[in-house]
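Structure first, then comments.
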Amino acid sequence: MDDLTMLRDLGRELENEPPARLVRQRERVFRKPRPRLGWLTISLAALATAVAIAVPAVIADLRPVLHGIPATAPRTAMNVLLVGSDTREGPENARYGPALSRTDAGGRSDTLLVAHIPADRTRISVVNIPRDSLVELPRCGGGRLGMINSAYNAGGVACARETVEKLTGLRVDHTVEIDFAGLKGVVDALGGVEFTVPEDISDRQAKLELKKGRQVLNGEQALGWLRLRHLGDGTDLARIKRQQALMAAMVGQVKRSLDDPAKIKRFLDSAVRMVRTDLDPSVLYTVAGSEVKFLSVPVGPHSEDPNRLRWLQPDAQKLFDKLK
Amino acid sequence: MTAPPLARVTDSDVIRESLAEPEAFAELFDRYSGMIFRYVSKRLGPEPAEDLVGETFAVAFARRRSYDQTYLDARPWLFGIATKLVARHHRSEAARYRALLRSPQDGPVESPAERVAAGVSAQAARRRLATALAVLPKRDRDALLLYAWCDLTYEEVARALDIPVGTVRSRLNRARRKVRAELGETNPLTEEA
């Protein structure tokens, strides 16, 4: 008897007939889905890290045109909390989604990353905190068990900071907020970004119509490209690749603009509006060229709700202790 | 005059219809919930299987827009989703196979009457198989069980796991080699000629 036959026999032995009550599961199909990792989380994580890396890289290139940045900025170890959001609030973003999804307090997700910048600046560790982590929120976030990203929705970056400090035992020295929607202004400040579109695109959800080929995308089109979902194999991975391609094109665009100080100034001004931070820009200057290592909080399904995540201890704490 | 009725509405037709009429998706549940239940019950037992069936179809429903409609048969897609959800229970899956070792007389499920006639050798084979399954790397086990227990072809396993067919082939070869080694180690007579 060959192995497959034996395996099939074992399968028949282990098999159970579906019970009549299985039909109850039918209702779940149409309940509002709560995917563990929404596309927005993944794309924002990719985008936030891309921005976190692209900005220092660009600043390194801008060295000759920037003035007023001290050649020797302070070099102390620090932890920086990075919050990426796609608020879609306000008239600027109104057309990108139905009103409900734009204003639903808990609906708009964010990305949480903790970056540890060591004193010698050799290697930055970036820890991605899954937004679906179910945690004990501090008072500012409602003082109950809730999703970690609701801290930001409830109490802004101050509350996100308090929550992360309490959960990790780390001191958060600085915060950086990145608004996805602000990218539009950044692209327009550059006078658009030269980019090769791989195929004709007509996507109603992302409000995007593009012809295949090399072209200059304006801010609106670039943002549509970043938000595009249904292209290629439709996976998150494919989307991250698309976003990275656009990010690379933007870095190239900045490099080509280096001899145009007026354009560079417009770019920096708009980039500053997209990013809100209490971090001294000179710190970015010191980290340009640092190696970046990405880490993730070890997680498993939560006992309260299997669609939510629980940090696996002691591994999670060990990870954060290394950042102290 | 009306168009002649189609012999059978394909899965991809159902999914396409559900883009405009979400309720239409229930048809897919009615077609395949039992099939998914049987598969998951083999790997995790009947209790977790019920919940996992609901989850599988909820995930499928949420992702129906990205379904490649050139595939008329949605089964590999659904098996793939269920398999990924099974991964979250990998500890209980391994424990289930190990439980077969500890209680050679009564498995977690009642054996059909004809199994009794097969006698001791079947019991011994079952235990050796269980050992092999419990220690197989998850990726190899997924490929092997989709092939052996869900009767998917190489191409369908590739679709379910979103990996190239060549990778399916190598995972299956590796998994079957290990299973055969385990069977052979304790009883060389069961080895294939």
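Following the order of the structure tokens, first chain is A, next is B, and so on, with residues numbered from 1 inside each chain and ligands from 1 in the order they appear.
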Which chain B residues have any atom within 7 Å of an atom of chain A, and for each, what is the nearest pair of atoms with distance in Å to one decimal, counting only C-alpha atoms, rows sorted by chain and number, as CSV?
```
residue,atom,partner,partner_atom,distance
B:Phe29,CA,A:Arg26,CA,6.7
B:Gly34,CA,A:Pro18,CA,5.6
B:Phe37,CA,A:Pro18,CA,6.0
B:Arg38,CA,A:Glu15,CA,5.7
B:Ser41,CA,A:Glu15,CA,5.6
B:Lys42,CA,A:Glu15,CA,4.6
B:Pro46,CA,A:Asn16,CA,6.3
B:Glu50,CA,A:Leu22,CA,6.2
B:Gly54,CA,A:Gln25,CA,4.6
B:Phe57,CA,A:Val29,CA,5.6
B:Ala58,CA,A:Val29,CA,4.1
B:Phe61,CA,A:Val29,CA,6.4
B:Ala62,CA,A:Pro33,CA,6.1
B:Ser66,CA,A:Gly234,CA,5.6
B:Val109,CA,A:Leu14,CA,6.0
B:Ser111,CA,A:Glu13,CA,6.1
B:Arg126,CA,A:Leu10,CA,6.5
B:Ala148,CA,A:Arg8,CA,6.1
B:Trp149,CA,A:Arg8,CA,6.1
B:Arg180,CA,A:Asp3,CA,6.3
B:Thr190,CA,A:Met1,CA,6.6
B:Glu192,CA,A:Asp2,CA,6.0
```
How would the residues just chosen look if you wrote them out with C-alpha atoms as a JSON list (two decimals), in the first residue's frame?
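Output file part-v4.json is given in full below:
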```
[["chain", "number", "residue", "atom", "x", "y", "z"],
["B", 29, "PHE", "CA", -21.35, 28.76, 1.07],
["B", 34, "GLY", "CA", -19.56, 20.98, 3.95],
["B", 37, "PHE", "CA", -15.75, 21.45, 7.10],
["B", 38, "ARG", "CA", -14.67, 17.92, 6.20],
["B", 41, "SER", "CA", -12.20, 18.50, 10.68],
["B", 42, "LYS", "CA", -9.48, 16.13, 9.49],
["B", 46, "PRO", "CA", -14.92, 19.03, 14.52],
["B", 50, "GLU", "CA", -17.17, 24.84, 12.51],
["B", 54, "GLY", "CA", -17.45, 30.64, 8.95],
["B", 57, "PHE", "CA", -16.20, 32.24, 3.86],
["B", 58, "ALA", "CA", -16.06, 35.61, 5.61],
["B", 61, "PHE", "CA", -16.44, 37.24, 0.80],
["B", 62, "ALA", "CA", -14.25, 40.17, 1.81],
["B", 66, "SER", "CA", -9.71, 40.16, -6.17],
["B", 109, "VAL", "CA", -13.02, 9.73, 15.94],
["B", 111, "SER", "CA", -13.44, 4.09, 13.32],
["B", 126, "ARG", "CA", -1.80, 5.02, 11.35],
["B", 148, "ALA", "CA", -4.01, 13.91, -0.62],
["B", 149, "TRP", "CA", -7.06, 15.02, 1.37],
["B", 180, "ARG", "CA", 7.80, 7.01, 3.41],
["B", 190, "THR", "CA", 5.29, -1.22, 3.71],
["B", 192, "GLU", "CA", 6.99, 0.93, -2.08]]
```
Tell me, which residues of range 24-132 of chain B carry DSSP alpha helix (DSSP H), written as a PyMOL selection string? chain B and resi 26-44+46-62+75-86+90-102+113-132
Applying 7 Å and only C-alpha atoms, which residues near range 72-77 of chain B remain after dropping the ones on its own chain fewer than 4 positions away? List them as a short mmCIF file (atom, residue, chain, number, x, y, z; two decimals) with C-alpha atoms, in the first residue's frame.
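The result, written out as around_29.cif:
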```
data_model
loop_
_atom_site.label_atom_id
_atom_site.label_comp_id
_atom_site.auth_asym_id
_atom_site.auth_seq_id
_atom_site.Cartn_x
_atom_site.Cartn_y
_atom_site.Cartn_z
CA THR B 10 -20.00 28.33 -12.38
CA ASP B 11 -18.37 29.51 -9.17
CA SER B 12 -16.84 32.45 -11.00
CA ILE B 81 -7.98 30.39 2.56
CA GLU B 156 -4.66 23.69 -7.97
CA VAL B 157 -2.41 23.29 -4.94
CA ARG B 159 -3.21 28.26 -6.78
CA ALA B 160 -4.38 27.52 -3.24
#
```
Report as a compact mmCIF listing (two decimals) with C-alpha atoms, in the first residue's frame all protein, DNA and RNA residues lying within 6 Å of Ile117 in chain A, evaluated on only C-alpha atoms, omitting residues in the same chain fewer than 4 positions from it.
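The result, stored in part33.txt:
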```
# COMPACT_ATOMS: atom_id res chain seq x y z
CA ALA A 77 20.40 57.46 21.54
CA MET A 78 16.67 57.99 21.13
CA ILE A 124 18.35 51.89 13.28
```
Provide the CA of Gly191 in chain A to CA of Asn218 in chain A distance in Å, to one decimal place. 7.3 Å
If you count only C-alpha atoms, which residues fall within 10 Å of Leu183 in chain A, apart from same-chain ones fewer than 6 positions away, as a list in words? Val51, Ala189, Gly219, Glu220, Ala222, Leu223, Leu226, Ser270, Ala271, Arg273, Met274 and Val275 of chain A
Name all residues at most 10 Å from Leu323 in chain A (count only C-alpha atoms; drop same-chain ones fewer than 6 positions away) and give them as number ranges by chain. A: 77-79, 114-118, 124-127, 168, 170-171
Excluding Val86 in chain B and its own-chain neighbours fewer than 4 positions away, which residues fall within 8 Å of it when counting only C-alpha atoms? Please give them as a list of chain:residue names. B:Val40, B:Arg43, B:Leu44, B:Leu52, B:Ala82, B:His90
Sorted by chain and rising residue number, which residues of range 145-198 of chain A lie within 12 Å of range 129-135 of chain A, and what are their closest atom pairs and distances in Å to one decimal, counting only C-alpha atoms, as a Markdown table?
```
| residue | atom | partner | partner_atom | distance |
| --- | --- | --- | --- | --- |
| A:Leu145 | CA | A:Val135 | CA | 5.4 |
| A:Gly146 | CA | A:Leu134 | CA | 5.2 |
| A:Met147 | CA | A:Leu134 | CA | 4.6 |
| A:Ile148 | CA | A:Ser133 | CA | 5.6 |
| A:Asn149 | CA | A:Arg131 | CA | 5.3 |
| A:Ser150 | CA | A:Arg131 | CA | 8.6 |
| A:Ala151 | CA | A:Val135 | CA | 10.1 |
| A:Tyr152 | CA | A:Arg131 | CA | 10.4 |
| A:Asn153 | CA | A:Arg131 | CA | 11.6 |
| A:Ala160 | CA | A:Arg131 | CA | 11.2 |
| A:Thr163 | CA | A:Val135 | CA | 9.0 |
| A:Val164 | CA | A:Ile129 | CA | 9.2 |
| A:Lys166 | CA | A:Val135 | CA | 10.5 |
| A:Leu167 | CA | A:Val135 | CA | 8.2 |
| A:Thr168 | CA | A:Ile129 | CA | 10.5 |
```
Those of range 149-316 of chain A in DSSP strand (DSSP E or B), formatted as a PyMOL selection string: chain A and resi 174-179+193-197+201-203+208-210+213-217+275-277+291-296+299-301+309-311
Create the file for the chosen residues now, containing N, CA and C atoms and written as a compact mmCIF listing (two decimals), in the first residue's frame.
```txt
# COMPACT_ATOMS: atom_id res chain seq x y z
N HIS A 174 10.65 61.13 20.88
CA HIS A 174 10.08 62.01 19.87
C HIS A 174 8.99 61.27 19.09
N THR A 175 8.13 62.04 18.45
CA THR A 175 7.10 61.43 17.63
C THR A 175 7.14 62.03 16.22
N VAL A 176 6.75 61.21 15.26
CA VAL A 176 6.64 61.68 13.88
C VAL A 176 5.28 61.23 13.38
N GLU A 177 4.47 62.15 12.87
CA GLU A 177 3.19 61.78 12.27
C GLU A 177 3.28 62.01 10.78
N ILE A 178 2.88 61.01 10.02
CA ILE A 178 2.90 61.15 8.57
C ILE A 178 1.48 61.02 8.04
N ASP A 179 1.04 62.02 7.31
CA ASP A 179 -0.29 61.94 6.72
C ASP A 179 -0.18 61.54 5.25
N VAL A 193 5.91 63.69 -10.89
CA VAL A 193 6.96 62.68 -10.82
C VAL A 193 6.94 61.85 -12.10
N GLU A 194 8.12 61.68 -12.69
CA GLU A 194 8.22 60.93 -13.93
C GLU A 194 8.14 59.44 -13.60
N PHE A 195 7.24 58.75 -14.29
CA PHE A 195 6.95 57.38 -13.87
C PHE A 195 6.46 56.56 -15.06
N THR A 196 6.80 55.28 -15.07
CA THR A 196 6.31 54.41 -16.13
C THR A 196 5.13 53.59 -15.64
N VAL A 197 3.98 53.83 -16.22
CA VAL A 197 2.77 53.09 -15.85
C VAL A 197 2.73 51.81 -16.69
N ILE A 201 -4.92 52.03 -16.94
CA ILE A 201 -5.61 51.92 -15.66
C ILE A 201 -6.89 52.73 -15.69
N SER A 202 -7.97 52.09 -15.29
CA SER A 202 -9.23 52.79 -15.13
C SER A 202 -9.86 52.24 -13.87
N ASP A 203 -9.69 52.96 -12.77
CA ASP A 203 -10.13 52.45 -11.47
C ASP A 203 -11.03 53.48 -10.80
N LEU A 208 -8.90 56.93 -10.65
CA LEU A 208 -7.68 57.01 -11.44
C LEU A 208 -7.88 56.51 -12.86
N GLU A 209 -7.48 57.36 -13.82
CA GLU A 209 -7.50 56.98 -15.23
C GLU A 209 -6.11 57.28 -15.77
N LEU A 210 -5.38 56.27 -16.19
CA LEU A 210 -4.04 56.48 -16.72
C LEU A 210 -3.82 55.61 -17.95
N GLY A 213 2.51 53.65 -20.07
CA GLY A 213 3.70 54.30 -20.62
C GLY A 213 4.36 55.31 -19.70
N ARG A 214 5.47 55.82 -20.17
CA ARG A 214 6.25 56.81 -19.42
C ARG A 214 5.53 58.15 -19.42
N GLN A 215 5.36 58.74 -18.25
CA GLN A 215 4.65 60.01 -18.17
C GLN A 215 4.96 60.72 -16.86
N VAL A 216 4.49 61.95 -16.76
CA VAL A 216 4.66 62.69 -15.51
C VAL A 216 3.33 62.67 -14.76
N LEU A 217 3.33 62.09 -13.57
CA LEU A 217 2.11 62.04 -12.76
C LEU A 217 2.04 63.28 -11.88
N VAL A 275 4.53 65.83 7.19
CA VAL A 275 5.10 65.19 8.37
C VAL A 275 5.03 66.17 9.52
N ARG A 276 4.43 65.72 10.63
CA ARG A 276 4.39 66.56 11.81
C ARG A 276 5.27 65.92 12.86
N THR A 277 6.25 66.66 13.37
CA THR A 277 7.17 66.04 14.30
C THR A 277 7.77 67.07 15.26
N GLU A 291 22.12 52.07 8.57
CA GLU A 291 21.48 50.84 8.16
C GLU A 291 20.13 50.76 8.89
N VAL A 292 19.11 50.17 8.25
CA VAL A 292 17.82 50.04 8.93
C VAL A 292 17.44 48.57 9.02
N LYS A 293 17.07 48.16 10.23
CA LYS A 293 16.67 46.77 10.43
C LYS A 293 15.20 46.74 10.85
N PHE A 294 14.38 45.94 10.17
CA PHE A 294 12.96 45.89 10.49
C PHE A 294 12.62 44.70 11.38
N LEU A 295 11.85 44.96 12.40
CA LEU A 295 11.44 43.91 13.34
C LEU A 295 9.93 43.98 13.52
N SER A 296 9.35 42.88 13.99
CA SER A 296 7.93 42.88 14.25
C SER A 296 7.66 42.35 15.64
N VAL A 299 3.32 38.09 17.71
CA VAL A 299 1.90 38.12 18.07
C VAL A 299 1.21 36.79 17.81
N GLY A 300 0.08 36.61 18.46
CA GLY A 300 -0.77 35.45 18.23
C GLY A 300 -2.20 35.90 18.37
N PRO A 301 -3.17 35.03 18.03
CA PRO A 301 -4.57 35.44 18.16
C PRO A 301 -4.93 35.70 19.63
N LEU A 309 -5.08 40.63 17.82
CA LEU A 309 -3.78 40.07 18.15
C LEU A 309 -3.39 40.34 19.60
N ARG A 310 -2.62 39.40 20.11
CA ARG A 310 -2.11 39.52 21.47
C ARG A 310 -0.60 39.42 21.36
N TRP A 311 0.12 40.21 22.13
CA TRP A 311 1.58 40.15 22.09
C TRP A 311 2.04 38.91 22.83
```
In Å, with one decimal, what is the gap from CA of Leu144 in chain B to CA of Pro298 in chain A? 27.8 Å
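Proximity of A:Leu113, A:Arg266, A:Asp173, A:Gly142 to Asp278 in chain A, computed with only C-alpha atoms, is greatest for A:Asp173.
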Could you check how far CA of Tyr32 in chain B sits from CA of His302 in chain A, in Å to one decimal?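 Taking CA of Tyr32 in chain B and CA of His302 in chain A, their separation equals 28.1 Å.
Among the candidate residues A:Val187, A:Val80, A:Cys140, A:Cys159, the one lying nearest to Met247 in chain A is A:Val187, with distances computed using only C-alpha atoms.
Remark: for Leu85 in chain B, the closest of the candidate residues B:Ala20, B:Pro137, B:Asp142, B:Val14 is B:Asp142 (distances computed over only C-alpha atoms).
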Nearest to Ser33 in chain B by atom-to-atom distance, counting only C-alpha atoms, from B:Thr56, B:Thr83, B:Gln123, B:Ser18: B:Thr56
